[in-house]
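Trainee: Once you've had a glance at the structure underneath, I'll fire off some questions.
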Amino acid sequence: MIKNNMDSSHSQIVALIWNIADDVLRDVFLRGQYRDVILPMVVLRRLDALLEPTKEEVEEEIKESGIDNVDEGVLKDITGLSYFNTSKWTLNRLKSQASDNNDILYDNFVEYLNGYSENVQDVLRNFEYYTKARKLADNDRLLAIIERITDPTINLTDKNTTDPDGLPLPALTNVGMGTVFEELLRRFNEENNEEAGEHFTPRDAIALLAHLVFEPVKENLPKIITLYDPACGSGGMLTESREYLLDLGVRSAAIQLSGTEINPETYAICKSDLIIKGVDPSGIYLGNTITDNSFGDKSFGYMITNPPYGKSWKEDKKKIYHEKTLLDHRFELTLTNFVGDEEVVDSTPRTSDGQLLFLLEEVDKMKSLDFQPQGSRVASIHNGSSLFTGDAGSGESNIRRYLIENDLVDAIIQLPNNIFYNTGISTYVWMLTNKKFDKRKGKVQLIDASQAFEKLRKNQGSRNCTISESFRNDILKVYMDFIEQEASDELKVSSRIFDGDDFRYYNVTIERPLRLRSQFNLLKIDEMLYDSNDFELSKWLHQTYKEKVFLGLDAEVSAIKEYLNDQEIKITDKKLNKLISAKAWKDRQKLMNTAKALMKVIGTDLYMDYNLFLAKVSAVAKDLKLDVSTAELKTISRAMSVTDPGAQPVIKKEHKANSKDIEILLEVYGISNDRLTDYGYVPVRKGVYVEYESDSELRDNEKISVKEDVYDYFQREVRPYVEDAWMNLPQTKIGCEISFNKYFYKPTPLRSLKENERDILALDEQSQGFIKSLFELI
């Protein structure tokens, strides 16, 4: 069981250190910066205290071998720790030998910092502590903070001692030091709520994840446990999970921690925490998980993470693409299309939210069953967008498809709202594994634990509740029992079990024919002079510059841009150049004049069949020997036409029975000849089929469960209501979405008018009866 208790000695140490911030740093640093000044000093004091007993022996070794020839392995053997310091200084020596000269003190302090081994210096660099030390010295606070952190009432050593009054101060173990450090980190993060949730996941949430990952398999753990967090923040997921494993009896040496953190100061906190707990920090990397595949040659048995969600990765995308080619194979997935062919597809989500990339990173880093027969297990926290954002064929949908189709999703658990520091939105734990228990194979368990919480007495930013041990055990029980159940007053957790295919669907495009009514119209012909893509601006250009538009408006660009700016109209240079193009104006003028010539012959007769109208236009153009292409004639005809449900369908193309498109439907999709009409090919005479143009305004999409036959669904749900519809089968994509609301939402019945009236009158009794008198009048 993960511990989260603070005994009185730890609380006293935290309180004393906490007071240093206000006493020493006020008016020198902003409150939000206190954390990054105090925490490194706590780390330094702890490291310093553990090195003090062997300081003389280290100095003797350096004296004998020479500073340039010193063996780091020997120094670590002497200290018995993963670090050392080769300088002549300790914090107590700096304090006792300090002069009134802050520059000298600073130089000595830097010499002291530079004496540390590389792993500690890496932490200090990322805290930017040399800069902070300079600022402390310049403001006459460096000695003060050294004096306060080495105060004899604060025992950060691993030896029992007494304070100046002779009162005992117990030794601080590595576990105890970790508790102190994390309590300070928690307090600083709560003081700075706007960023707390970015780097610091509440311990109750971590405890739940650790139990979910390890409890079901605790009797069958591998000899070496590799634990990874691709967004490790301050390291809470890793260190708390480690404590859980230690409580299970796992040897410390058998636990290997790895993680990546993008923020330098948070990375430094994580690494500091591991160092002061005596844990090897070499597996922690400073970097960007999305762009840097730091563990490309490694895999992990267990992963627990709370990656950032709702954050843009637009800049990151530039680094993993060359032009439009994806360079990082972690984000490519092999999926089958509608006809069953395998395709390798780019599965990156939209750039506004990159959280699902972390799920792909976790899947990529799963240990193969060949190397770990127990399989890999993952617990990853995400918001609701990971469940349903993105249409079929999108990166988000493809990621969900891949996870479901490869039977990697064990369960998804909805957590209570408001358990995190900086968000009150719904969050969900994705439980992934590549080694499911037999009873769970092919199944996905959805658990609604949104009501399994206890209220906090005081809000901590957005956080106003906690998952207590009792509720955590309830969630764990429902997960491990793997049964369906409704929530009750005694057990506030619901569970439902689904087949993977319950979440997959075919996204079928339903088309309807374009029906156009056609008639020549002088106003419409005149409007052909303007660019249809930006009609109003094009019209303004002509009204302003008149015949000059046909000669070119390059000399007027500055004036045009000034007008656009005044009117707050945003337009790209490329689009503007197209609008002022003399050639484009001349081309449209030619079409306009051609249309007028055609109108003189054809007149203003109304055509309810666009196909006949186009044929008439083409025939007249040929008779008049007009210099106009087929495409231009079609453009003119379309400009003279509007949609009309009473008109005849527009024919796109005629097909023979052995045409390529029809053969694909028959052979690839297995369609029978008698059903071709339902797929957009209408027989008009023997061996000839007509394909109609589709009306984009009437186009629709149907989500059809993969468990259902697409044709049966169309005949039942579409054909009875829209007789001229057809399925555009080649456009069909497979999608995947998971909706908790669909499966767990229970609508609350509306209150009756009598109930509302009763409550209103009850409230009115507390006033002066005005509402009651109003009801009586009515």
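Residue numbers start at 1 in each chain; chains themselves are named A, B, ... in the order of the structure tokens; ligands are numbered from 1 in the order shown.
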Please return as a compact mmCIF listing (two decimals) with C-alpha atoms, in the first residue's frame: the residues of stretch 493-591 of chain A that backbone DSSP assigns to alpha helix (DSSP H).

Mentor:
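Writing done, so here's states_20.txt:
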# COMPACT_ATOMS: atom_id res chain seq x y z
CA LEU A 522 -28.94 38.62 -67.41
CA LEU A 523 -28.19 39.41 -63.75
CA LYS A 524 -26.50 36.06 -63.28
CA ILE A 525 -24.54 36.59 -66.49
CA ASP A 526 -23.30 39.98 -65.28
CA GLU A 527 -22.25 38.43 -61.96
CA PHE A 535 -17.71 37.71 -54.72
CA GLU A 536 -18.08 40.91 -52.63
CA LEU A 537 -14.39 41.86 -52.68
CA SER A 538 -14.14 41.09 -56.39
CA LYS A 539 -17.20 43.27 -57.03
CA TRP A 540 -15.66 46.11 -54.97
CA LEU A 541 -12.47 45.95 -57.03
CA HIS A 542 -14.45 46.33 -60.27
CA GLN A 543 -16.60 49.15 -58.93
CA THR A 544 -13.51 50.97 -57.63
CA TYR A 545 -11.07 50.45 -60.49
CA VAL A 557 -1.81 46.82 -54.15
CA SER A 558 -0.84 49.23 -51.34
CA ALA A 559 -4.16 51.08 -51.59
CA ILE A 560 -6.08 47.80 -51.72
CA LYS A 561 -4.28 46.48 -48.64
CA GLU A 562 -5.01 49.72 -46.79
CA TYR A 563 -8.70 49.30 -47.61
CA LEU A 564 -8.63 45.68 -46.43
CA ASN A 565 -6.95 46.73 -43.20
CA ASP A 566 -9.54 49.48 -42.60
CA ASP A 573 -1.09 37.55 -50.56
CA LYS A 574 -1.68 34.51 -52.74
CA LYS A 575 -5.43 35.04 -52.70
CA LEU A 576 -5.06 38.78 -53.30
CA ASN A 577 -2.81 38.19 -56.31
CA LYS A 578 -5.46 35.91 -57.76
CA LEU A 579 -8.17 38.52 -57.22
CA ALA A 582 -5.69 40.73 -65.17
CA LYS A 583 -5.79 37.33 -66.87
CA ALA A 584 -8.43 36.05 -64.44
CA TRP A 585 -10.58 39.15 -65.08
CA LYS A 586 -10.25 38.72 -68.85
CA ASP A 587 -11.11 35.00 -68.65
CA ARG A 588 -14.27 35.74 -66.68
CA GLN A 589 -15.19 38.59 -69.06
CA LYS A 590 -14.86 36.16 -71.96
CA LEU A 591 -17.22 33.72 -70.25

Trainee: Mind checking which residues fall within 7 Å of stretch 82-96 of chain A, counting only C-alpha atoms, ignoring those fewer than 5 positions away in the same chain, and posting them as number ranges by chain?

Mentor: A: 48, 75-76, 111-112, 115-117, 143, 146-147, 150

Trainee: Mind the document's chain letters and residue numbers, and return as a PyMOL selection string the residues of stretch 232-397 of chain A that DSSP labels strand (DSSP E or B).

Mentor: chain A and resi 255-261+284-286+300+302-305+321-322+325-326+332-336+342-346+366+377-383

Trainee: Excluding A:Glu454 and any residue of its chain fewer than 6 positions from it, enumerate the residues within 10 Å of it, using only C-alpha atoms, and give them as a list in words.

Mentor: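 Counting only the stated atoms, we get Pro416, Ile419, Asn464, Cys465, Thr466, Ile467, Ser468, Ser470 and Phe471 of chain A.
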
Trainee: With only C-alpha atoms as the counted atoms, please give the residues lying no more than 9 Å from stretch 432-445 of chain A, apart from itself and same-chain residues fewer than 5 positions off, as a PyMOL selection string.

Mentor: chain A and resi 363+366-369+373-380+403-413+479+482-484+495-501

Trainee: Please determine, counting only C-alpha atoms, which residue among A:Arg400, A:Arg134, A:Asn521, A:Glu708 has the shortest atom-to-atom distance to A:Leu105.

Mentor: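 Ranking A:Arg400, A:Arg134, A:Asn521, A:Glu708 by distance to A:Leu105, first place goes to A:Arg134.
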
Trainee: Name all residues at most 9 Å from A:Asn337 (count only C-alpha atoms; drop same-chain ones fewer than 3 positions away) and give them as an NGL selection string.

Mentor: :A and (340-343 or 732-734)

Trainee: Any idea what the distance is between atom CA of A:Asn160 and atom CA of A:Met177?

Mentor: 13.9 Å

Trainee: List the spatial neighbours of A:Leu387 as a PyMOL selection string - criterion: any atom at most 8 Å away, only C-alpha atoms, same-chain residues fewer than 2 positions off excluded.

Mentor: chain A and resi 383-385+389+400+737-739

Trainee: If you keep N, CA, C and O atoms, can you produce a file of those selected residues as an mmCIF file, in the first residue's frame?

Mentor:
data_model
loop_
_atom_site.group_PDB
_atom_site.id
_atom_site.type_symbol
_atom_site.label_atom_id
_atom_site.label_comp_id
_atom_site.auth_asym_id
_atom_site.auth_seq_id
_atom_site.Cartn_x
_atom_site.Cartn_y
_atom_site.Cartn_z
ATOM 1 N N ASN A 383 -8.080 13.057 -20.940
ATOM 2 C CA ASN A 383 -9.406 13.653 -20.853
ATOM 3 C C ASN A 383 -10.335 12.985 -21.863
ATOM 4 O O ASN A 383 -9.944 12.072 -22.592
ATOM 5 N N GLY A 384 -11.578 13.457 -21.920
ATOM 6 C CA GLY A 384 -12.578 12.779 -22.733
ATOM 7 C C GLY A 384 -12.317 12.815 -24.217
ATOM 8 O O GLY A 384 -12.803 11.959 -24.960
ATOM 9 N N SER A 385 -11.535 13.793 -24.687
ATOM 10 C CA SER A 385 -11.337 13.906 -26.122
ATOM 11 C C SER A 385 -10.639 12.677 -26.700
ATOM 12 O O SER A 385 -10.849 12.333 -27.854
ATOM 13 N N THR A 389 -12.966 12.185 -29.893
ATOM 14 C CA THR A 389 -12.612 13.220 -30.870
ATOM 15 C C THR A 389 -12.081 12.592 -32.153
ATOM 16 O O THR A 389 -11.322 11.627 -32.118
ATOM 17 N N ARG A 400 -7.449 4.785 -31.677
ATOM 18 C CA ARG A 400 -8.403 3.973 -30.920
ATOM 19 C C ARG A 400 -8.653 2.639 -31.629
ATOM 20 O O ARG A 400 -8.722 1.582 -30.982
ATOM 21 N N GLU A 737 -14.945 4.954 -31.657
ATOM 22 C CA GLU A 737 -15.151 5.941 -30.613
ATOM 23 C C GLU A 737 -15.772 5.260 -29.399
ATOM 24 O O GLU A 737 -16.441 4.227 -29.523
ATOM 25 N N ILE A 738 -15.549 5.850 -28.243
ATOM 26 C CA ILE A 738 -16.030 5.265 -26.994
ATOM 27 C C ILE A 738 -16.747 6.365 -26.219
ATOM 28 O O ILE A 738 -16.122 7.357 -25.832
ATOM 29 N N SER A 739 -18.032 6.193 -26.022
ATOM 30 C CA SER A 739 -18.819 7.233 -25.367
ATOM 31 C C SER A 739 -19.331 6.748 -24.019
ATOM 32 O O SER A 739 -20.216 5.887 -23.949
#

Trainee: Compare A:Leu209, A:Leu51, A:Ile262, A:Leu753 by their minimum atom-to-atom distance to A:Ser294, counting only C-alpha atoms, and give me the closest one.

Mentor: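 Counting only C-alpha atoms, the residue closest to A:Ser294 is A:Ile262.
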